[in-house]
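Structure file structure-v3.cif; described as mmCIF, C-alpha atoms.
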data_input
loop_
_atom_site.label_atom_id
_atom_site.label_comp_id
_atom_site.auth_asym_id
_atom_site.auth_seq_id
_atom_site.Cartn_x
_atom_site.Cartn_y
_atom_site.Cartn_z
CA MET A 1334 -19.77 -9.58 22.66
CA THR A 1335 -19.77 -6.45 20.51
CA PHE A 1336 -23.09 -4.68 19.97
CA ALA A 1337 -23.62 -4.67 16.19
CA ALA A 1338 -25.49 -1.70 14.72
CA THR A 1339 -26.51 -1.95 11.07
CA VAL A 1340 -28.13 1.08 9.46
CA LEU A 1341 -29.99 0.70 6.16
CA THR A 1342 -30.03 4.15 4.60
CA LEU A 1343 -29.84 6.16 1.39
CA TYR A 1344 -27.24 8.36 3.09
CA PRO A 1345 -24.59 6.14 4.70
CA GLU A 1346 -22.24 9.13 4.82
CA MET A 1347 -24.34 10.46 7.71
CA PHE A 1348 -22.83 7.76 9.95
CA PRO A 1349 -21.24 7.59 12.43
CA GLY A 1350 -21.69 11.37 12.52
CA PRO A 1351 -22.15 12.42 16.16
CA LEU A 1352 -21.78 8.79 17.19
CA GLY A 1353 -18.11 9.09 16.28
CA VAL A 1354 -17.35 11.49 19.13
CA SER A 1355 -17.71 11.60 22.92
CA LEU A 1356 -18.78 8.42 24.75
CA ALA A 1357 -20.14 6.66 21.66
CA GLY A 1358 -17.07 7.51 19.59
CA ARG A 1359 -14.68 6.26 22.21
CA ALA A 1360 -16.70 3.07 22.62
CA LEU A 1361 -16.65 2.60 18.82
CA ARG A 1362 -12.85 2.91 18.75
CA GLU A 1363 -12.62 0.50 21.68
CA GLU A 1364 -14.84 -1.94 19.72
CA LYS A 1365 -17.54 -2.03 22.38
CA TRP A 1366 -19.93 -1.63 19.47
CA ALA A 1367 -19.64 -1.88 15.69
CA LEU A 1368 -21.34 0.09 12.92
CA ASP A 1369 -22.20 -0.87 9.36
CA ALA A 1370 -23.98 1.79 7.30
CA VAL A 1371 -25.49 0.02 4.28
CA GLN A 1372 -26.62 1.82 1.11
CA ILE A 1373 -30.21 0.79 0.31
CA ARG A 1374 -29.66 1.80 -3.31
CA ASP A 1375 -27.25 -1.13 -3.70
CA PHE A 1376 -30.29 -3.43 -3.68
CA ALA A 1377 -32.12 -1.75 -6.55
CA ILE A 1378 -32.90 -4.05 -9.47
CA ASP A 1379 -32.59 -1.68 -12.44
CA LYS A 1380 -29.64 0.10 -14.04
CA HIS A 1381 -30.79 3.45 -12.63
CA ARG A 1382 -30.66 2.06 -9.07
CA THR A 1383 -34.26 3.15 -8.46
CA VAL A 1384 -35.43 2.83 -4.85
CA ASP A 1385 -38.81 4.58 -4.96
CA ASP A 1386 -41.95 5.00 -7.04
CA THR A 1387 -45.17 7.04 -7.10
CA PRO A 1388 -47.83 6.31 -4.45
CA ALA A 1389 -50.54 3.84 -5.43
CA GLY A 1390 -53.80 5.75 -5.60
CA GLY A 1391 -52.04 9.01 -6.40
CA GLY A 1392 -50.69 11.80 -4.25
CA ALA A 1393 -47.55 13.81 -3.73
CA GLY A 1394 -44.09 12.43 -3.10
CA MET A 1395 -42.53 9.04 -3.60
CA VAL A 1396 -42.65 5.75 -1.67
CA LEU A 1397 -39.74 3.40 -0.98
CA ARG A 1398 -40.19 0.17 -2.95
CA VAL A 1399 -40.92 -2.98 -0.96
CA ASP A 1400 -38.74 -5.25 -3.12
CA VAL A 1401 -35.69 -3.04 -2.59
CA LEU A 1402 -36.37 -2.69 1.13
CA ALA A 1403 -36.85 -6.44 1.57
CA ALA A 1404 -33.57 -7.19 -0.19
CA ALA A 1405 -31.73 -4.74 2.09
CA VAL A 1406 -33.35 -6.19 5.21
CA ASP A 1407 -32.58 -9.77 4.11
CA HIS A 1408 -28.94 -8.80 3.53
CA ALA A 1409 -28.66 -7.34 7.04
CA LEU A 1410 -30.39 -10.31 8.66
CA ALA A 1411 -28.09 -12.74 6.86
CA ALA A 1412 -25.13 -11.00 8.48
CA HIS A 1413 -26.81 -10.56 11.87
CA PRO A 1414 -29.60 -13.15 12.20
CA GLY A 1415 -30.17 -12.48 15.89
CA CYS A 1416 -30.73 -8.73 15.59
CA PRO A 1417 -34.19 -7.14 15.58
CA VAL A 1418 -35.12 -4.88 12.66
CA VAL A 1419 -36.43 -1.45 13.60
CA ALA A 1420 -37.92 1.03 11.14
CA MET A 1421 -37.88 4.70 12.12
CA THR A 1422 -41.27 6.18 11.23
CA PRO A 1423 -43.75 8.68 12.75
CA ARG A 1424 -46.38 5.93 12.45
CA GLY A 1425 -44.48 3.69 14.87
CA LYS A 1426 -44.86 2.97 18.53
CA PRO A 1427 -43.23 5.65 20.72
CA LEU A 1428 -39.71 4.71 21.75
CA THR A 1429 -39.28 4.23 25.49
CA GLN A 1430 -36.32 3.83 27.80
CA GLU A 1431 -37.58 0.34 28.58
CA ARG A 1432 -37.37 -0.64 24.90
CA VAL A 1433 -33.93 0.97 24.61
CA ARG A 1434 -32.70 -1.15 27.51
CA GLU A 1435 -34.06 -4.28 25.85
CA LEU A 1436 -32.27 -3.46 22.60
CA ALA A 1437 -29.02 -2.57 24.38
CA ALA A 1438 -29.07 -5.91 26.19
CA GLY A 1439 -29.19 -7.80 22.89
CA PRO A 1440 -26.63 -8.55 20.18
CA GLY A 1441 -27.40 -5.36 18.24
CA VAL A 1442 -30.04 -3.77 16.06
CA ILE A 1443 -30.77 -3.27 12.37
CA VAL A 1444 -32.22 0.20 11.74
CA LEU A 1445 -34.19 0.91 8.58
CA CYS A 1446 -34.28 4.61 7.69
CA GLY A 1447 -37.17 5.97 5.67
CA ARG A 1448 -37.19 8.85 3.20
CA PHE A 1449 -39.72 10.59 0.97
CA GLU A 1450 -43.31 9.55 1.88
CA GLY A 1451 -42.08 6.50 3.75
CA PHE A 1452 -42.21 2.74 3.30
CA ASP A 1453 -44.40 0.52 1.17
CA GLU A 1454 -46.63 -0.93 3.91
CA ARG A 1455 -46.07 -4.49 2.69
CA ILE A 1456 -42.56 -4.52 4.18
CA PHE A 1457 -44.15 -4.80 7.64
CA ALA A 1458 -46.30 -7.75 6.59
CA GLY A 1459 -43.57 -9.50 4.62
CA ARG A 1460 -40.73 -9.06 7.11
CA ARG A 1461 -40.56 -8.86 10.89
CA VAL A 1462 -39.94 -5.12 11.17
CA GLU A 1463 -40.78 -3.12 14.30
CA GLU A 1464 -42.07 0.40 13.64
CA VAL A 1465 -40.67 2.95 16.09
CA SER A 1466 -41.24 6.69 16.51
CA VAL A 1467 -39.00 9.11 18.43
CA GLY A 1468 -41.74 11.70 18.83
CA ASP A 1469 -44.77 13.39 17.31
CA ILE A 1470 -42.67 15.14 14.70
CA VAL A 1471 -41.77 14.60 11.05
CA LEU A 1472 -38.11 14.60 9.98
CA SER A 1473 -36.61 14.70 6.49
CA GLY A 1474 -35.57 11.08 6.95
CA GLY A 1475 -35.03 8.36 9.49
CA GLU A 1476 -31.30 8.94 9.85
CA CYS A 1477 -31.53 11.54 12.63
CA ALA A 1478 -33.97 9.31 14.49
CA ALA A 1479 -31.61 6.36 14.01
CA LEU A 1480 -28.75 8.37 15.53
CA MET A 1481 -30.96 9.09 18.54
CA LEU A 1482 -31.92 5.45 18.96
CA LEU A 1483 -28.36 4.22 18.67
CA ASP A 1484 -26.99 6.83 21.05
CA ALA A 1485 -29.58 5.80 23.65
CA CYS A 1486 -28.53 2.16 23.28
CA ILE A 1487 -24.77 2.65 23.13
CA ARG A 1488 -24.51 4.65 26.34
CA LEU A 1489 -26.04 1.70 28.21
CA LEU A 1490 -23.49 -0.84 26.95
CA PRO A 1491 -21.10 -2.22 29.59
CA GLY A 1492 -18.10 0.02 30.10
CA VAL A 1493 -19.36 2.96 28.05
CA MET A 1494 -20.40 5.23 30.91
CA GLY A 1495 -17.93 5.89 33.69
CA ALA A 1496 -20.15 5.12 36.68
CA PRO A 1497 -22.54 2.15 36.45
CA SER A 1498 -25.14 4.11 38.44
CA SER A 1499 -25.15 6.92 35.86
CA GLY A 1500 -27.62 5.03 33.71
CA GLN A 1501 -29.92 4.18 36.60
CA GLU A 1502 -30.61 7.52 38.27
CA GLU A 1503 -31.98 9.24 35.17
CA SER A 1504 -35.27 10.33 33.68
CA PHE A 1505 -37.60 7.46 32.74
CA GLU A 1506 -35.52 4.75 34.42
CA ASN A 1507 -38.03 4.46 37.27
CA GLY A 1508 -40.99 5.87 35.36
CA LEU A 1509 -40.32 9.43 36.55
CA LEU A 1510 -38.41 12.48 35.40
CA GLU A 1511 -35.02 12.93 37.03
CA TYR A 1512 -34.63 15.37 39.91
CA PRO A 1513 -32.91 18.74 39.19
CA HIS A 1514 -29.14 19.13 39.55
CA TYR A 1515 -26.92 21.91 40.90
CA THR A 1516 -23.19 22.60 41.18
CA ARG A 1517 -20.84 25.46 42.12
CA PRO A 1518 -21.04 28.38 42.52
CA VAL A 1519 -23.35 28.12 45.52
CA GLU A 1520 -24.91 31.47 44.68
CA TRP A 1521 -25.54 32.83 41.18
CA GLU A 1522 -27.49 36.02 40.44
CA GLY A 1523 -29.15 35.80 43.83
CA ARG A 1524 -30.16 32.17 43.37
CA THR A 1525 -28.66 29.60 45.73
CA ILE A 1526 -28.33 25.84 45.73
CA PRO A 1527 -31.10 24.36 47.95
CA GLU A 1528 -29.86 24.13 51.51
CA VAL A 1529 -30.69 20.44 51.84
CA LEU A 1530 -28.19 19.59 49.09
CA ARG A 1531 -25.48 21.33 51.11
CA SER A 1532 -26.45 19.67 54.39
CA GLY A 1533 -24.48 16.45 54.03
CA ASP A 1534 -27.53 14.55 55.30
CA HIS A 1535 -27.84 11.78 52.71
CA ALA A 1536 -31.23 10.58 53.91
CA LYS A 1537 -32.72 14.07 53.61
CA ILE A 1538 -31.06 14.56 50.21
CA ALA A 1539 -32.51 11.29 48.95
CA GLU A 1540 -35.96 12.27 50.18
CA TRP A 1541 -35.71 15.73 48.57
CA ARG A 1542 -34.65 14.21 45.26
CA LYS A 1543 -37.48 11.68 45.37
CA ARG A 1544 -40.04 14.39 46.14
CA ARG A 1545 -38.77 16.71 43.39
CA SER A 1546 -38.76 13.85 40.91
CA GLU A 1547 -42.38 13.11 41.70
CA ASP A 1548 -43.46 16.76 41.78
CA ASP A 1549 -41.78 17.58 38.46
CA THR A 1550 -43.22 14.51 36.78
CA ARG A 1551 -46.70 15.34 38.05
CA SER A 1552 -46.53 18.93 36.79
CA ARG A 1553 -44.49 18.52 33.58
CA ARG A 1554 -45.52 15.08 32.34
CA PRO A 1555 -48.93 14.13 33.72
CA ASP A 1556 -49.03 11.24 31.24
CA LEU A 1557 -45.94 9.71 32.87
CA TRP A 1558 -47.30 10.40 36.33
CA GLU A 1559 -50.56 8.61 35.59
CA ARG A 1560 -48.68 5.56 34.34
CA HIS A 1561 -46.35 5.65 37.35
CA VAL A 1562 -49.21 5.86 39.83
CA GLY A 1563 -51.07 3.12 37.99
CA ALA A 1564 -48.02 0.85 38.09
CA ARG A 1565 -47.81 1.23 41.88
CA VAL A 1566 -51.44 0.32 42.50
#
Written form, structure tokens:
Amino acid sequence: MTFAATVLTLYPEMFPGPLGVSLAGRALREEKWALDAVQIRDFAIDKHRTVDDTPAGGGAGMVLRVDVLAAAVDHALAAHPGCPVVAMTPRGKPLTQERVRELAAGPGVIVLCGRFEGFDERIFAGRRVEEVSVGDIVLSGGECAALMLLDACIRLLPGVMGAPSSGQEESFENGLLEYPHYTRPVEWEGRTIPEVLRSGDHAKIAEWRKRRSEDDTRSRRPDLWERHVGARV
């Protein structure tokens, strides 16, 4: 089964973009996943192909019209009825590796990209649309966030990464940050690879990696550490 990615956007020319190269690009050419970038403006109802209007109550900027958005979402769902609809917005729930794995395990995803001041709120009441945020930042539009989401999903698809374990021993997969990595040269500017990693003792290496993963998570991401400790209790 091919993972079907549908992107609803005002700038379909932004896709596949970076998803057309490296692992994702190769997987796209090998038809491990498929991409359909759909122009939201095609669902406008007037001759000017208007997709936005002024905010109710006043204020700066423009808001994407709910009737246009709903028509675009309905079009995508008609083609892919089993796919969840995800809207990229700073107001959404933070994206997690757990959610990425859930999406990657499914038939695909429909990604709704915002622009201007965002979406008419009624789209979330009138359609089953999941609001997702990729961080506490504001972008010019949802397209860059959509690329991030899709890249995270695509790399987990069967056969995309070379080694199956590559996707398991990474940051967030076990609730922790990944341990640090080293490679040759052994010494660089007076700094050497930790001796334990050169010992050949796999048990000691595994213990060192586990300890560093925990220590780095505790010091760099106390929020993750608290959740990790709480999950073990």
message = Please expand the PyMOL selection byres ((chain A and resi 1445) around 10) into the concrete residues it hits in this file, giving the result as JSON, numbers by chain.
response = {"A": [1339, 1340, 1341, 1342, 1343, 1371, 1373, 1402, 1405, 1406, 1418, 1419, 1420, 1421, 1422, 1442, 1443, 1444, 1446, 1447, 1452, 1462, 1463, 1464, 1475, 1476, 1479]}
query = Excluding same-chain residues fewer than 6 positions from Arg1551 in chain A, what lies within 12 Å of it counting all atoms listed in the file, as a PyMOL selection string?
reply = chain A and resi 1508-1511+1544-1545+1557-1562
request  = Record the distance separating CA of Phe1457 in chain A and CA of Leu1397 in chain A, expressed in Å with one decimal.
outcome  =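 So the two atoms, CA of Phe1457 in chain A and CA of Leu1397 in chain A, lie 12.7 Å apart.
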task = Find the residues near Leu1480 in chain A: any atom within 8 Å, counting all atoms listed in the file, skip ones fewer than 4 places away on the same chain, and give them as a list in words.
result =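 Everything that qualifies: Pro1351, Leu1352, Glu1476 and Asp1484 of chain A.
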Could you list, with a cut-off of 10 Å and counting only C-alpha atoms, the residues of range 1452-1515 of chain A near range 1359-1368 of chain A, each shown with its nearest atom pair and the distance in Å rounded to one decimal, rows sorted by chain and ascending number, as a tab-separated table?
residue	atom	partner	partner_atom	distance
A:Leu1483	CA	A:Leu1368	CA	10.0
A:Ile1487	CA	A:Trp1366	CA	7.4
A:Arg1488	CA	A:Ala1360	CA	8.8
A:Leu1490	CA	A:Lys1365	CA	7.6
A:Pro1491	CA	A:Lys1365	CA	8.0
A:Gly1492	CA	A:Lys1365	CA	8.0
A:Val1493	CA	A:Ala1360	CA	6.0
A:Met1494	CA	A:Ala1360	CA	9.3
message = Using all atoms listed in the file, which protein or nucleic acid residues come within 10 Å of Ile1470 in chain A? Drop anything in the same chain fewer than 3 positions from it, and give the result as a list in words.
response =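 With the cut-off at 10 Å, the set is Thr1422, Pro1423, Ser1466 and Val1467 of chain A.
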request  = For Val1529 in chain A, list every protein, DNA or RNA residue within 9 Å, evaluated using only C-alpha atoms, and leave out those in the same chain fewer than 6 positions away; present the list as a list of chain:residue names.
outcome  =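 The contact residues come out as A:Lys1537, A:Ile1538, A:Trp1541.
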Assuming the input is short of atoms at range 1461-1476 of chain A, produce N, CA and C atoms for that part as a short mmCIF file (atom, residue, chain, number, x, y, z; two decimals), in the frame of the given file.
data_model
loop_
_atom_site.label_atom_id
_atom_site.label_comp_id
_atom_site.auth_asym_id
_atom_site.auth_seq_id
_atom_site.Cartn_x
_atom_site.Cartn_y
_atom_site.Cartn_z
N ARG A 1461 -40.32 -9.19 9.49
CA ARG A 1461 -40.56 -8.86 10.89
C ARG A 1461 -39.83 -7.55 11.21
N VAL A 1462 -40.53 -6.45 10.99
CA VAL A 1462 -39.94 -5.12 11.17
C VAL A 1462 -40.77 -4.35 12.20
N GLU A 1463 -40.12 -3.88 13.23
CA GLU A 1463 -40.78 -3.12 14.30
C GLU A 1463 -40.78 -1.63 13.94
N GLU A 1464 -41.96 -1.02 13.94
CA GLU A 1464 -42.07 0.40 13.64
C GLU A 1464 -41.91 1.21 14.93
N VAL A 1465 -40.99 2.17 14.90
CA VAL A 1465 -40.67 2.95 16.09
C VAL A 1465 -40.65 4.43 15.76
N SER A 1466 -41.23 5.23 16.65
CA SER A 1466 -41.24 6.69 16.51
C SER A 1466 -40.47 7.32 17.66
N VAL A 1467 -39.72 8.39 17.37
CA VAL A 1467 -39.00 9.11 18.43
C VAL A 1467 -39.75 10.35 18.88
N GLY A 1468 -40.96 10.55 18.39
CA GLY A 1468 -41.74 11.70 18.83
C GLY A 1468 -42.78 12.09 17.80
N ASP A 1469 -43.70 12.94 18.20
CA ASP A 1469 -44.77 13.39 17.31
C ASP A 1469 -44.27 14.52 16.42
N ILE A 1470 -43.27 14.18 15.62
CA ILE A 1470 -42.67 15.14 14.70
C ILE A 1470 -42.36 14.41 13.39
N VAL A 1471 -42.14 15.18 12.33
CA VAL A 1471 -41.77 14.60 11.05
C VAL A 1471 -40.39 15.14 10.65
N LEU A 1472 -39.46 14.23 10.39
CA LEU A 1472 -38.11 14.60 9.98
C LEU A 1472 -37.95 14.38 8.48
N SER A 1473 -36.88 14.89 7.92
CA SER A 1473 -36.61 14.70 6.49
C SER A 1473 -36.33 13.24 6.16
N GLY A 1474 -35.88 12.49 7.15
CA GLY A 1474 -35.57 11.08 6.95
C GLY A 1474 -35.33 10.41 8.28
N GLY A 1475 -35.19 9.10 8.25
CA GLY A 1475 -35.03 8.36 9.49
C GLY A 1475 -33.64 8.37 10.08
N GLU A 1476 -32.69 8.99 9.38
CA GLU A 1476 -31.30 8.94 9.85
C GLU A 1476 -31.10 9.64 11.20
#
